[in-house]
Each structure stands twice: as C-alpha cells, then as structure tokens.
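K.L.:
What follows is run-v5.pdb; its format and atoms are PDB, C-alpha atoms, pLDDT in the B column.
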ATOM      1  CA  MET C  11      55.332  79.542 -15.017  1.00 41.00           C
ATOM      2  CA  PRO C  12      59.127  79.377 -15.358  1.00 45.00           C
ATOM      3  CA  PRO C  13      61.139  81.308 -12.806  1.00 47.00           C
ATOM      4  CA  SER C  14      62.176  84.779 -13.800  1.00 51.00           C
ATOM      5  CA  PRO C  15      65.816  85.344 -14.726  1.00 61.00           C
ATOM      6  CA  GLU C  16      68.063  86.782 -12.107  1.00 71.00           C
ATOM      7  CA  GLY C  17      68.756  90.469 -12.017  1.00 75.00           C
ATOM      8  CA  PRO C  18      72.224  91.872 -12.583  1.00 82.00           C
ATOM      9  CA  ALA C  19      74.866  90.115 -10.536  1.00 92.00           C
ATOM     10  CA  LEU C  20      76.908  92.012  -7.975  1.00 97.00           C
ATOM     11  CA  SER C  21      80.505  90.870  -8.257  1.00 97.00           C
ATOM     12  CA  VAL C  22      82.839  91.449  -5.325  1.00 98.00           C
ATOM     13  CA  ALA C  23      86.188  90.381  -3.968  1.00 97.00           C
ATOM     14  CA  ALA C  24      86.102  87.150  -2.024  1.00 97.00           C
ATOM     15  CA  ASP C  25      86.621  88.561   1.456  1.00 96.00           C
ATOM     16  CA  TYR C  26      84.515  88.953   4.559  1.00 96.00           C
ATOM     17  CA  ALA C  27      84.002  92.695   4.113  1.00 97.00           C
ATOM     18  CA  SER C  28      82.499  92.022   0.703  1.00 97.00           C
ATOM     19  CA  VAL C  29      80.160  89.384   2.096  1.00 98.00           C
ATOM     20  CA  ARG C  30      78.419  92.328   3.752  1.00 98.00           C
ATOM     21  CA  LEU C  31      77.980  93.967   0.349  1.00 98.00           C
ATOM     22  CA  LEU C  32      76.326  90.815  -0.942  1.00 98.00           C
ATOM     23  CA  ALA C  33      74.091  90.771   2.130  1.00 98.00           C
ATOM     24  CA  ASP C  34      73.095  94.385   1.460  1.00 97.00           C
ATOM     25  CA  HIS C  35      72.323  93.486  -2.150  1.00 96.00           C
ATOM     26  CA  LEU C  36      70.090  90.598  -1.125  1.00 96.00           C
ATOM     27  CA  ARG C  37      68.379  92.539   1.647  1.00 96.00           C
ATOM     28  CA  ASP C  38      67.586  95.360  -0.764  1.00 94.00           C
ATOM     29  CA  ALA C  39      65.977  92.904  -3.191  1.00 93.00           C
ATOM     30  CA  CYS C  40      63.867  91.380  -0.407  1.00 92.00           C
ATOM     31  CA  SER C  41      62.880  94.818   0.791  1.00 92.00           C
ATOM     32  CA  ARG C  42      61.834  95.936  -2.707  1.00 91.00           C
ATOM     33  CA  ALA C  43      59.707  92.810  -2.988  1.00 90.00           C
ATOM     34  CA  ALA C  44      58.173  93.540   0.429  1.00 91.00           C
ATOM     35  CA  LEU C  45      58.977  90.060   1.667  1.00 90.00           C
ATOM     36  CA  ASP C  46      58.443  89.045   5.261  1.00 91.00           C
ATOM     37  CA  ASP C  47      61.333  90.235   7.429  1.00 92.00           C
ATOM     38  CA  GLY C  48      61.938  86.941   9.197  1.00 93.00           C
ATOM     39  CA  CYS C  49      61.915  85.020   5.956  1.00 94.00           C
ATOM     40  CA  ALA C  50      64.279  87.491   4.318  1.00 94.00           C
ATOM     41  CA  PHE C  51      66.577  87.244   7.345  1.00 96.00           C
ATOM     42  CA  GLU C  52      66.836  83.477   6.933  1.00 97.00           C
ATOM     43  CA  LEU C  53      67.689  83.744   3.254  1.00 97.00           C
ATOM     44  CA  GLU C  54      70.301  86.407   4.029  1.00 98.00           C
ATOM     45  CA  LEU C  55      71.768  84.177   6.714  1.00 98.00           C
ATOM     46  CA  ALA C  56      71.973  81.194   4.354  1.00 98.00           C
ATOM     47  CA  MET C  57      73.633  83.285   1.664  1.00 98.00           C
ATOM     48  CA  VAL C  58      76.115  84.774   4.152  1.00 98.00           C
ATOM     49  CA  GLU C  59      77.056  81.298   5.366  1.00 98.00           C
ATOM     50  CA  ALA C  60      77.586  80.152   1.791  1.00 98.00           C
ATOM     51  CA  ALA C  61      79.668  83.221   0.928  1.00 98.00           C
ATOM     52  CA  ASN C  62      81.732  82.821   4.102  1.00 98.00           C
ATOM     53  CA  ASN C  63      82.419  79.292   2.970  1.00 97.00           C
ATOM     54  CA  VAL C  64      83.639  80.528  -0.396  1.00 98.00           C
ATOM     55  CA  VAL C  65      86.022  82.942   1.336  1.00 97.00           C
ATOM     56  CA  GLU C  66      87.275  80.492   3.940  1.00 96.00           C
ATOM     57  CA  HIS C  67      87.447  77.265   1.966  1.00 96.00           C
ATOM     58  CA  GLY C  68      86.872  78.048  -1.709  1.00 97.00           C
ATOM     59  CA  TYR C  69      89.693  80.546  -1.946  1.00 97.00           C
ATOM     60  CA  ALA C  70      91.331  79.795   1.423  1.00 92.00           C
ATOM     61  CA  GLY C  71      93.048  83.149   1.609  1.00 81.00           C
ATOM     62  CA  ALA C  72      94.238  83.236  -1.995  1.00 88.00           C
ATOM     63  CA  ALA C  73      94.319  86.778  -3.360  1.00 88.00           C
ATOM     64  CA  GLY C  74      92.318  87.884  -6.374  1.00 92.00           C
ATOM     65  CA  GLY C  75      89.305  85.652  -5.944  1.00 96.00           C
ATOM     66  CA  THR C  76      85.849  86.945  -6.712  1.00 97.00           C
ATOM     67  CA  MET C  77      82.275  85.893  -6.123  1.00 98.00           C
ATOM     68  CA  ALA C  78      78.993  87.223  -7.409  1.00 98.00           C
ATOM     69  CA  LEU C  79      75.386  87.296  -6.293  1.00 98.00           C
ATOM     70  CA  ALA C  80      72.315  87.579  -8.477  1.00 97.00           C
ATOM     71  CA  VAL C  81      68.799  87.686  -7.090  1.00 96.00           C
ATOM     72  CA  ALA C  82      65.514  86.738  -8.725  1.00 95.00           C
ATOM     73  CA  VAL C  83      62.131  87.422  -7.185  1.00 92.00           C
ATOM     74  CA  GLU C  84      58.883  86.158  -8.577  1.00 90.00           C
ATOM     75  CA  ASP C  85      55.807  86.668  -6.474  1.00 85.00           C
ATOM     76  CA  ASN C  86      56.765  85.080  -3.159  1.00 87.00           C
ATOM     77  CA  VAL C  87      59.661  82.952  -4.426  1.00 93.00           C
ATOM     78  CA  ILE C  88      63.159  84.358  -4.163  1.00 94.00           C
ATOM     79  CA  ARG C  89      66.323  82.828  -5.500  1.00 96.00           C
ATOM     80  CA  ALA C  90      69.820  83.870  -4.512  1.00 97.00           C
ATOM     81  CA  VAL C  91      72.428  82.683  -7.000  1.00 97.00           C
ATOM     82  CA  LEU C  92      75.991  82.732  -5.695  1.00 98.00           C
ATOM     83  CA  THR C  93      78.802  82.028  -8.118  1.00 97.00           C
ATOM     84  CA  ASP C  94      82.540  81.769  -7.555  1.00 98.00           C
ATOM     85  CA  GLY C  95      85.710  80.408  -9.097  1.00 97.00           C
ATOM     86  CA  GLY C  96      87.249  78.838  -6.038  1.00 97.00           C
ATOM     87  CA  THR C  97      87.730  75.242  -5.035  1.00 97.00           C
ATOM     88  CA  PRO C  98      84.325  73.545  -5.112  1.00 97.00           C
ATOM     89  CA  ALA C  99      82.571  72.525  -1.933  1.00 96.00           C
ATOM     90  CA  PRO C 100      83.028  68.834  -1.106  1.00 94.00           C
ATOM     91  CA  ASP C 101      80.514  66.394  -2.578  1.00 93.00           C
ATOM     92  CA  GLY C 102      77.378  66.300  -0.494  1.00 91.00           C
ATOM     93  CA  PHE C 103      78.368  69.313   1.575  1.00 92.00           C
ATOM     94  CA  PHE C 104      75.039  71.076   1.150  1.00 91.00           C
ATOM     95  CA  ALA C 105      72.988  67.870   1.091  1.00 87.00           C
ATOM     96  CA  LYS C 106      74.277  66.700   4.468  1.00 81.00           C
ATOM     97  CA  GLY C 107      74.044  69.966   6.328  1.00 77.00           C
ATOM     98  CA  THR C 108      73.903  68.410   9.763  1.00 86.00           C
ATOM     99  CA  MET C 109      74.085  70.609  12.820  1.00 92.00           C
ATOM    100  CA  PRO C 110      77.040  69.897  15.136  1.00 94.00           C
ATOM    101  CA  PRO C 111      76.563  69.518  18.896  1.00 94.00           C
ATOM    102  CA  PRO C 112      75.768  72.805  20.684  1.00 94.00           C
ATOM    103  CA  GLY C 113      79.221  72.913  22.282  1.00 92.00           C
ATOM    104  CA  ALA C 114      81.054  72.964  18.958  1.00 94.00           C
ATOM    105  CA  THR C 115      82.802  76.229  18.105  1.00 92.00           C
ATOM    106  CA  GLY C 116      82.365  75.736  14.347  1.00 93.00           C
ATOM    107  CA  GLY C 117      80.830  73.621  11.623  1.00 93.00           C
ATOM    108  CA  ARG C 118      77.332  75.098  11.684  1.00 95.00           C
ATOM    109  CA  GLY C 119      77.366  76.731   8.247  1.00 95.00           C
ATOM    110  CA  ALA C 120      75.895  73.941   6.144  1.00 95.00           C
ATOM    111  CA  GLY C 121      73.303  73.087   8.766  1.00 95.00           C
ATOM    112  CA  ILE C 122      72.193  76.700   8.938  1.00 96.00           C
ATOM    113  CA  ILE C 123      71.932  76.885   5.152  1.00 97.00           C
ATOM    114  CA  ARG C 124      69.761  73.784   5.049  1.00 96.00           C
ATOM    115  CA  GLY C 125      67.630  75.058   7.896  1.00 95.00           C
ATOM    116  CA  CYS C 126      67.034  78.446   6.325  1.00 96.00           C
ATOM    117  CA  VAL C 127      66.016  77.753   2.727  1.00 97.00           C
ATOM    118  CA  ASP C 128      63.506  75.541   0.920  1.00 97.00           C
ATOM    119  CA  GLU C 129      65.740  74.316  -1.899  1.00 97.00           C
ATOM    120  CA  ILE C 130      69.477  74.085  -2.531  1.00 97.00           C
ATOM    121  CA  HIS C 131      71.036  73.423  -5.902  1.00 97.00           C
ATOM    122  CA  TYR C 132      74.811  73.278  -6.329  1.00 97.00           C
ATOM    123  CA  GLU C 133      76.775  72.630  -9.458  1.00 96.00           C
ATOM    124  CA  THR C 134      80.397  72.944 -10.440  1.00 97.00           C
ATOM    125  CA  GLY C 135      81.989  73.091 -13.849  1.00 95.00           C
ATOM    126  CA  ALA C 136      84.624  74.675 -15.997  1.00 94.00           C
ATOM    127  CA  SER C 137      83.083  78.099 -15.479  1.00 93.00           C
ATOM    128  CA  GLY C 138      83.125  77.794 -11.713  1.00 96.00           C
ATOM    129  CA  ASN C 139      80.686  76.988  -8.940  1.00 98.00           C
ATOM    130  CA  ARG C 140      77.027  77.964  -8.831  1.00 97.00           C
ATOM    131  CA  LEU C 141      74.848  77.719  -5.725  1.00 98.00           C
ATOM    132  CA  VAL C 142      71.141  78.465  -5.963  1.00 97.00           C
ATOM    133  CA  LEU C 143      69.263  79.057  -2.718  1.00 98.00           C
ATOM    134  CA  THR C 144      65.498  79.175  -3.108  1.00 97.00           C
ATOM    135  CA  LYS C 145      63.063  80.341  -0.473  1.00 96.00           C
ATOM    136  CA  ARG C 146      59.340  80.919  -0.478  1.00 95.00           C
ATOM    137  CA  CYS C 147      58.512  83.966   1.582  1.00 89.00           C
ATOM    138  CA  PRO C 148      55.178  85.511   2.439  1.00 83.00           C
ATOM    139  CA  HIS C 149      54.857  89.183   1.766  1.00 78.00           C
ATOM    140  CA  SER C 150      55.157  91.420   4.784  1.00 75.00           C
ATOM    141  CA  ALA C 151      51.908  92.596   6.321  1.00 69.00           C
ATOM    142  CA  PRO C 152      50.814  95.993   5.005  1.00 64.00           C
ATOM    143  CA  VAL C 153      51.238  98.885   7.393  1.00 58.00           C
ATOM    144  CA  ALA C 154      47.855 100.053   8.667  1.00 57.00           C
TER     145      ALA C 154
ATOM    146  CA  MET N  18      79.710  96.245  34.940  1.00 49.00           C
ATOM    147  CA  THR N  19      78.780  93.709  37.575  1.00 49.00           C
ATOM    148  CA  ASN N  20      75.738  92.996  39.713  1.00 50.00           C
ATOM    149  CA  GLU N  21      76.576  90.705  42.617  1.00 56.00           C
ATOM    150  CA  SER N  22      78.526  87.944  40.906  1.00 84.00           C
ATOM    151  CA  ILE N  23      76.967  88.524  37.492  1.00 90.00           C
ATOM    152  CA  ARG N  24      78.986  90.327  34.843  1.00 89.00           C
ATOM    153  CA  THR N  25      76.854  92.201  32.340  1.00 92.00           C
ATOM    154  CA  ILE N  26      78.357  92.572  28.873  1.00 92.00           C
ATOM    155  CA  PRO N  27      76.545  94.805  26.388  1.00 95.00           C
ATOM    156  CA  VAL N  28      77.469  93.867  22.822  1.00 95.00           C
ATOM    157  CA  ALA N  29      78.022  96.964  20.705  1.00 94.00           C
ATOM    158  CA  PHE N  30      78.134  95.264  17.295  1.00 96.00           C
ATOM    159  CA  ASP N  31      75.044  95.366  15.089  1.00 96.00           C
ATOM    160  CA  ARG N  32      76.347  92.470  12.984  1.00 97.00           C
ATOM    161  CA  LEU N  33      78.172  89.566  14.613  1.00 97.00           C
ATOM    162  CA  ASP N  34      79.494  88.068  11.416  1.00 98.00           C
ATOM    163  CA  ALA N  35      82.845  86.840  10.140  1.00 97.00           C
ATOM    164  CA  MET N  36      83.961  90.455   9.666  1.00 97.00           C
ATOM    165  CA  ALA N  37      83.159  91.384  13.248  1.00 97.00           C
ATOM    166  CA  ALA N  38      84.180  88.131  14.915  1.00 96.00           C
ATOM    167  CA  PRO N  39      87.849  89.005  15.621  1.00 95.00           C
ATOM    168  CA  GLY N  40      86.861  92.309  17.244  1.00 96.00           C
ATOM    169  CA  PHE N  41      84.064  90.648  19.173  1.00 95.00           C
ATOM    170  CA  ARG N  42      86.494  88.064  20.502  1.00 93.00           C
ATOM    171  CA  GLU N  43      89.044  90.726  21.446  1.00 94.00           C
ATOM    172  CA  THR N  44      86.331  92.683  23.251  1.00 92.00           C
ATOM    173  CA  LEU N  45      85.101  89.729  25.226  1.00 89.00           C
ATOM    174  CA  THR N  46      88.370  88.158  26.286  1.00 87.00           C
ATOM    175  CA  PRO N  47      89.539  90.860  28.752  1.00 85.00           C
ATOM    176  CA  LEU N  48      86.038  91.073  30.194  1.00 84.00           C
ATOM    177  CA  LEU N  49      86.283  87.428  31.117  1.00 80.00           C
ATOM    178  CA  GLU N  50      89.544  87.808  32.972  1.00 67.00           C
ATOM    179  CA  GLY N  51      89.054  86.288  36.387  1.00 64.00           C
ATOM    180  CA  GLN N  52      86.647  83.845  34.839  1.00 72.00           C
ATOM    181  CA  PRO N  53      83.271  85.071  36.105  1.00 76.00           C
ATOM    182  CA  GLU N  54      80.909  82.198  36.500  1.00 87.00           C
ATOM    183  CA  LYS N  55      77.857  84.140  35.421  1.00 92.00           C
ATOM    184  CA  VAL N  56      77.528  86.463  32.444  1.00 93.00           C
ATOM    185  CA  LEU N  57      74.542  88.384  31.203  1.00 95.00           C
ATOM    186  CA  LEU N  58      75.106  89.069  27.517  1.00 95.00           C
ATOM    187  CA  ASP N  59      73.016  91.908  26.152  1.00 96.00           C
ATOM    188  CA  LEU N  60      72.377  91.447  22.419  1.00 97.00           C
ATOM    189  CA  GLY N  61      69.906  94.319  22.193  1.00 96.00           C
ATOM    190  CA  LYS N  62      71.930  96.095  19.497  1.00 97.00           C
ATOM    191  CA  VAL N  63      72.627  92.972  17.467  1.00 97.00           C
ATOM    192  CA  GLU N  64      70.578  92.688  14.288  1.00 96.00           C
ATOM    193  CA  PHE N  65      72.390  89.800  12.642  1.00 97.00           C
ATOM    194  CA  ILE N  66      74.490  86.843  13.755  1.00 97.00           C
ATOM    195  CA  ASP N  67      76.054  84.155  11.609  1.00 98.00           C
ATOM    196  CA  SER N  68      77.797  80.927  12.583  1.00 97.00           C
ATOM    197  CA  THR N  69      81.070  82.764  13.137  1.00 97.00           C
ATOM    198  CA  GLY N  70      79.491  85.016  15.737  1.00 97.00           C
ATOM    199  CA  LEU N  71      77.874  82.030  17.390  1.00 97.00           C
ATOM    200  CA  GLY N  72      81.246  80.309  17.470  1.00 96.00           C
ATOM    201  CA  VAL N  73      82.751  83.228  19.379  1.00 94.00           C
ATOM    202  CA  MET N  74      79.937  83.029  21.891  1.00 94.00           C
ATOM    203  CA  VAL N  75      80.569  79.326  22.431  1.00 94.00           C
ATOM    204  CA  SER N  76      84.247  80.164  22.891  1.00 90.00           C
ATOM    205  CA  LEU N  77      83.184  82.590  25.605  1.00 84.00           C
ATOM    206  CA  LEU N  78      81.537  79.756  27.465  1.00 87.00           C
ATOM    207  CA  LYS N  79      84.619  77.590  27.141  1.00 88.00           C
ATOM    208  CA  LEU N  80      86.794  80.429  28.479  1.00 85.00           C
ATOM    209  CA  MET N  81      84.591  80.551  31.553  1.00 86.00           C
ATOM    210  CA  GLY N  82      85.175  76.910  32.360  1.00 84.00           C
ATOM    211  CA  PRO N  83      82.751  74.136  33.202  1.00 84.00           C
ATOM    212  CA  GLY N  84      80.839  76.171  35.804  1.00 84.00           C
ATOM    213  CA  GLY N  85      80.185  79.099  33.477  1.00 88.00           C
ATOM    214  CA  LYS N  86      76.636  80.220  32.792  1.00 91.00           C
ATOM    215  CA  VAL N  87      75.546  82.785  30.215  1.00 94.00           C
ATOM    216  CA  ALA N  88      72.117  84.340  29.908  1.00 96.00           C
ATOM    217  CA  VAL N  89      71.213  86.305  26.795  1.00 97.00           C
ATOM    218  CA  VAL N  90      68.875  89.283  26.851  1.00 97.00           C
ATOM    219  CA  GLY N  91      67.622  91.540  24.099  1.00 96.00           C
ATOM    220  CA  ALA N  92      67.819  88.961  21.338  1.00 97.00           C
ATOM    221  CA  ALA N  93      65.683  90.033  18.375  1.00 96.00           C
ATOM    222  CA  PRO N  94      63.208  87.405  17.144  1.00 95.00           C
ATOM    223  CA  ASN N  95      65.412  86.506  14.176  1.00 95.00           C
ATOM    224  CA  VAL N  96      68.451  86.113  16.412  1.00 96.00           C
ATOM    225  CA  ARG N  97      66.483  84.061  18.908  1.00 96.00           C
ATOM    226  CA  ARG N  98      65.316  81.792  16.085  1.00 95.00           C
ATOM    227  CA  LEU N  99      68.950  81.164  15.121  1.00 96.00           C
ATOM    228  CA  PHE N 100      69.815  80.124  18.676  1.00 97.00           C
ATOM    229  CA  GLU N 101      66.923  77.674  18.562  1.00 96.00           C
ATOM    230  CA  MET N 102      67.801  76.335  15.102  1.00 95.00           C
ATOM    231  CA  THR N 103      71.377  75.639  16.172  1.00 96.00           C
ATOM    232  CA  ARG N 104      70.258  74.326  19.587  1.00 96.00           C
ATOM    233  CA  LEU N 105      72.440  76.915  21.281  1.00 97.00           C
ATOM    234  CA  ASP N 106      69.431  77.784  23.401  1.00 96.00           C
ATOM    235  CA  SER N 107      70.471  74.704  25.370  1.00 96.00           C
ATOM    236  CA  LEU N 108      73.788  76.393  26.242  1.00 95.00           C
ATOM    237  CA  PHE N 109      72.629  80.001  26.553  1.00 96.00           C
ATOM    238  CA  THR N 110      69.528  80.899  28.528  1.00 96.00           C
ATOM    239  CA  LEU N 111      67.438  83.210  26.365  1.00 97.00           C
ATOM    240  CA  CYS N 112      65.604  85.749  28.493  1.00 97.00           C
ATOM    241  CA  ASP N 113      63.146  88.525  27.807  1.00 93.00           C
ATOM    242  CA  GLY N 114      64.764  90.992  30.184  1.00 92.00           C
ATOM    243  CA  PRO N 115      67.506  91.557  32.777  1.00 91.00           C
ATOM    244  CA  ASP N 116      65.355  90.536  35.737  1.00 92.00           C
ATOM    245  CA  GLU N 117      64.519  87.210  34.151  1.00 94.00           C
ATOM    246  CA  ALA N 118      68.182  86.740  33.224  1.00 94.00           C
ATOM    247  CA  ARG N 119      69.398  87.448  36.759  1.00 92.00           C
ATOM    248  CA  ALA N 120      66.837  85.007  38.106  1.00 93.00           C
ATOM    249  CA  ALA N 121      68.012  82.403  35.608  1.00 92.00           C
ATOM    250  CA  LEU N 122      71.613  82.928  36.655  1.00 91.00           C
ATOM    251  CA  ALA N 123      70.889  82.905  40.404  1.00 87.00           C
TER     252      ALA N 123
END
Starting from the file, lay out its structure as structure tokens.
P.N.:
Amino acid sequence: MPPSPEGPALSVAADYASVRLLADHLRDACSRAALDDGCAFELELAMVEAANNVVEHGYAGAAGGTMALAVAVEDNVIRAVLTDGGTPAPDGFFAKGTMPPPGATGGRGAGIIRGCVDEIHYETGASGNRLVLTKRCPHSAPVA
Amino acid sequence: MTNESIRTIPVAFDRLDAMAAPGFRETLTPLLEGQPEKVLLDLGKVEFIDSTGLGVMVSLLKLMGPGGKVAVVGAAPNVRRLFEMTRLDSLFTLCDGPDEARAALA
C-alpha cells in the first residue's frame, strides 16, 4: 500500500521559537494517532534537531527564512516532512550522523536524528530542501 | 541550596531546547560561582531536551573543572533514553532519587 499523502503543512518563520510550533504540530499528529509516547518523543526530537539545523546553518541568521512541516500517519508509520529554502545540508550530513565524544558541547544533532528514526531521506533542488523522517511506532496501550 | 558540599539545582524549564538554552545557561552560571565540585541537577520538571540543552549541561561540567561531578535526578524515561543514546550517562550519573544521587556524589 503506498504511503498516504501528508496533511497540510505548517509553515513558520525559521527561528527557534517557531521550532516549538512545529514540535507542537508533530506532537498533536502523534497524539491523534495514539502512537506510543516514547516513540513519538523520538520522532519529535529528530524533527527538532533537523529544524534547529535549518535555523542555525540553513539560514544562519538571515531574516525572512521559512520552513514547513507536514505529517503523514498511516497505521503505525509516521512521516515528518520538513522543507526549507535555506542553504542545503552538506553532502552525507544525515547519512554519517556519528555521535561526538560525550565531552563535546555540540555536534550531536545528526547523530540524534539517526538514532531516533527508522529512515531518513534528504533531497535538495530548485524548490528547496526536503527532509523526510520516517518512524514506525506502536500504538499506545489502551487505558484500562 | 546546598547539602554538605553538594549543590542542588532544580531546573525550572519544561523544555531545554535551543529556545531555552540561553536562559538555562544564564541561570546555571551564577549558581556555579565558587566552582562546587558536586552538583545534583534535578530534571523533574523537564519534559524535553534537545542537543542544545545537552550542550549547556556539558558546559556546566566544564565550568566546574576537572574534579566536577554532576548527578541527575528526576529524569523522565524519554530524557534518560537521550542521555544513554548520546552516551552522556558516562558523564552524568543518572539516579532515581536524591538519596541515590547523594550516595553517588559522596
């Protein structure tokens, strides 16, 4: 069965305050789908790391940048699709995703993304950058 | 607040993300004046941490110097999992409660 199309995208300014809006959007979708809390947390974390990266490196403080998040849920598979028009991530950024030594004060974003989702697809083109994070989540246990 | 030589720092943020990181850092820095060697960090109110929040916590350790020790209490399961994923559980001692944390810091 082909994956379902994403729902309406939430478009926001590319700043850290707006990353929280994207996180709310994703958390709401996971909650509506009654997905396991821990699994939903990991997808939210991966998306937040990716969006932080867009703010910090993609736009690097430039004003007027935007990013958007669309979410698709089909059964226990959830896809978060993050798009932006900033500078693309370096080649292999998401594929490498190594975790730095514990004493490092930064550089954990890509490693966290890789550790939190099942699949990562990243493409860039004339219309911008598109990151698809896919995670298979069990449904949360029903309340007795 | 202190107990013997242990400084307890309750974290009031529910999200330790890139938005909160500057405030978190500003909150912690004066509490570390005098460079306490042992800190009990209470994350009981924290529901979410990203790599930026973790980075501030590592900075806390560096501020304390090479003899600094930090025990973490109140970490929610999701937060604890992040410490493990990033191997920061090798820098911060994750404890189930204050008594265990004080014992770990003793």
K.L.:
For this file, the PyMOL selection byres ((chain N and resi 25) around 10) selects which residues, as a ChimeraX atom specification?
P.N.:
/N:18-20,22-24,26-28,48,55-59,87-89,115,119
K.L.:
Excluding Ala35 in chain N and its own-chain neighbours fewer than 2 positions away, which residues fall within 9 Å of it when counting all atoms listed in the file? Please give them as a list in words.
P.N.:
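Counting only the stated atoms, we get Tyr26, Ala27, Val29 and Asn62 of chain C; Leu33, Ala37, Ala38, Pro39, Asp67, Ser68, Thr69 and Gly70 of chain N.
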K.L.:
For a cut-off of 10 Å around (71.4, 78.3, 23.4), file coordinates, pick out all residues using all atoms listed in the file and list them as a list in words.
P.N.:
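Residues lying no farther than 10 Å from the given point: Pro112 and Gly113 of chain C; Leu71, Met74, Val75, Val87, Ala88, Val89, Arg97, Leu99, Phe100, Glu101, Met102, Thr103, Arg104, Leu105, Asp106, Ser107, Leu108, Phe109, Thr110 and Leu111 of chain N.
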K.L.:
Convert the output of the ChimeraX specification (/N :<8) & /C on the shown file into explicit residues, formatted as a VMD selection string.
P.N.:
chain C and resid 26 to 27 48 51 to 52 55 58 to 59 62 109 111 to 119 122 125
K.L.:
Using the chain letters and numbers from the file, give me the residues hit by the PyMOL selection byres ((chain C and resi 100) around 12), as a list in words.
P.N.:
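Selected by the PyMOL selection byres ((chain C and resi 100) around 12) in this file: Asn63, Val64, His67, Gly68, Gly96, Thr97, Pro98, Ala99, Asp101, Gly102, Phe103, Phe104, Ala105, Lys106, Gly107, Ala120, Tyr132, Glu133, Thr134 and Asn139 of chain C.
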K.L.:
One decimal, in Å: what's the spacing between CA of Glu129 in chain C and CA of Ile88 in chain C?
P.N.:
10.6 Å
K.L.:
One decimal, in Å: what's the spacing between CA of Cys126 in chain C and CA of Ala118 in chain N?
P.N.:
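Computing it gives 28.2 Å between the two atoms.
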K.L.:
Could you please determine the separation between CA of Phe41 in chain N and CA of Cys40 in chain C in Å, to one decimal place?
P.N.:
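So the two atoms, CA of Phe41 in chain N and CA of Cys40 in chain C, lie 28.1 Å apart.
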K.L.:
Pick out the residues sitting within 10 Å of Leu45 in chain C, and hand them over as a list in words; count all atoms listed in the file, and ignore anything fewer than 5 positions along from it in its own chain.
P.N.:
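Contacts, in chain order: Arg37, Ala39, Cys40, Ala50, Phe51, Val83, Asp85, Asn86, Val87, Ile88, Arg146, Cys147, Pro148, His149, Ser150 and Ala151 of chain C.
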K.L.:
Counting all atoms listed in the file, which residue out of C:Ala43, C:Met57, C:Ala23, C:Leu31 sits closest to Gly71 in chain C?
P.N.:
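So, comparing all the options, the nearest one is C:Ala23.
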K.L.:
Which residues are near Ala19 in chain C? Cut-off 9 Å, all atoms listed in the file, ignore same chain within fewer than 3 positions. Put them as a list in words.
P.N.:
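Contacts, in chain order: Glu16, Ala78, Leu79, Ala80, Val81, Val91 and Leu92 of chain C.
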K.L.:
Would you export the selected residues with C-alpha atoms as a CSV table (one decimal), keeping the file's coordinate frame, please?
P.N.:
chain,number,residue,atom,x,y,z
C,16,GLU,CA,68.1,86.8,-12.1
C,78,ALA,CA,79.0,87.2,-7.4
C,79,LEU,CA,75.4,87.3,-6.3
C,80,ALA,CA,72.3,87.6,-8.5
C,81,VAL,CA,68.8,87.7,-7.1
C,91,VAL,CA,72.4,82.7,-7.0
C,92,LEU,CA,76.0,82.7,-5.7
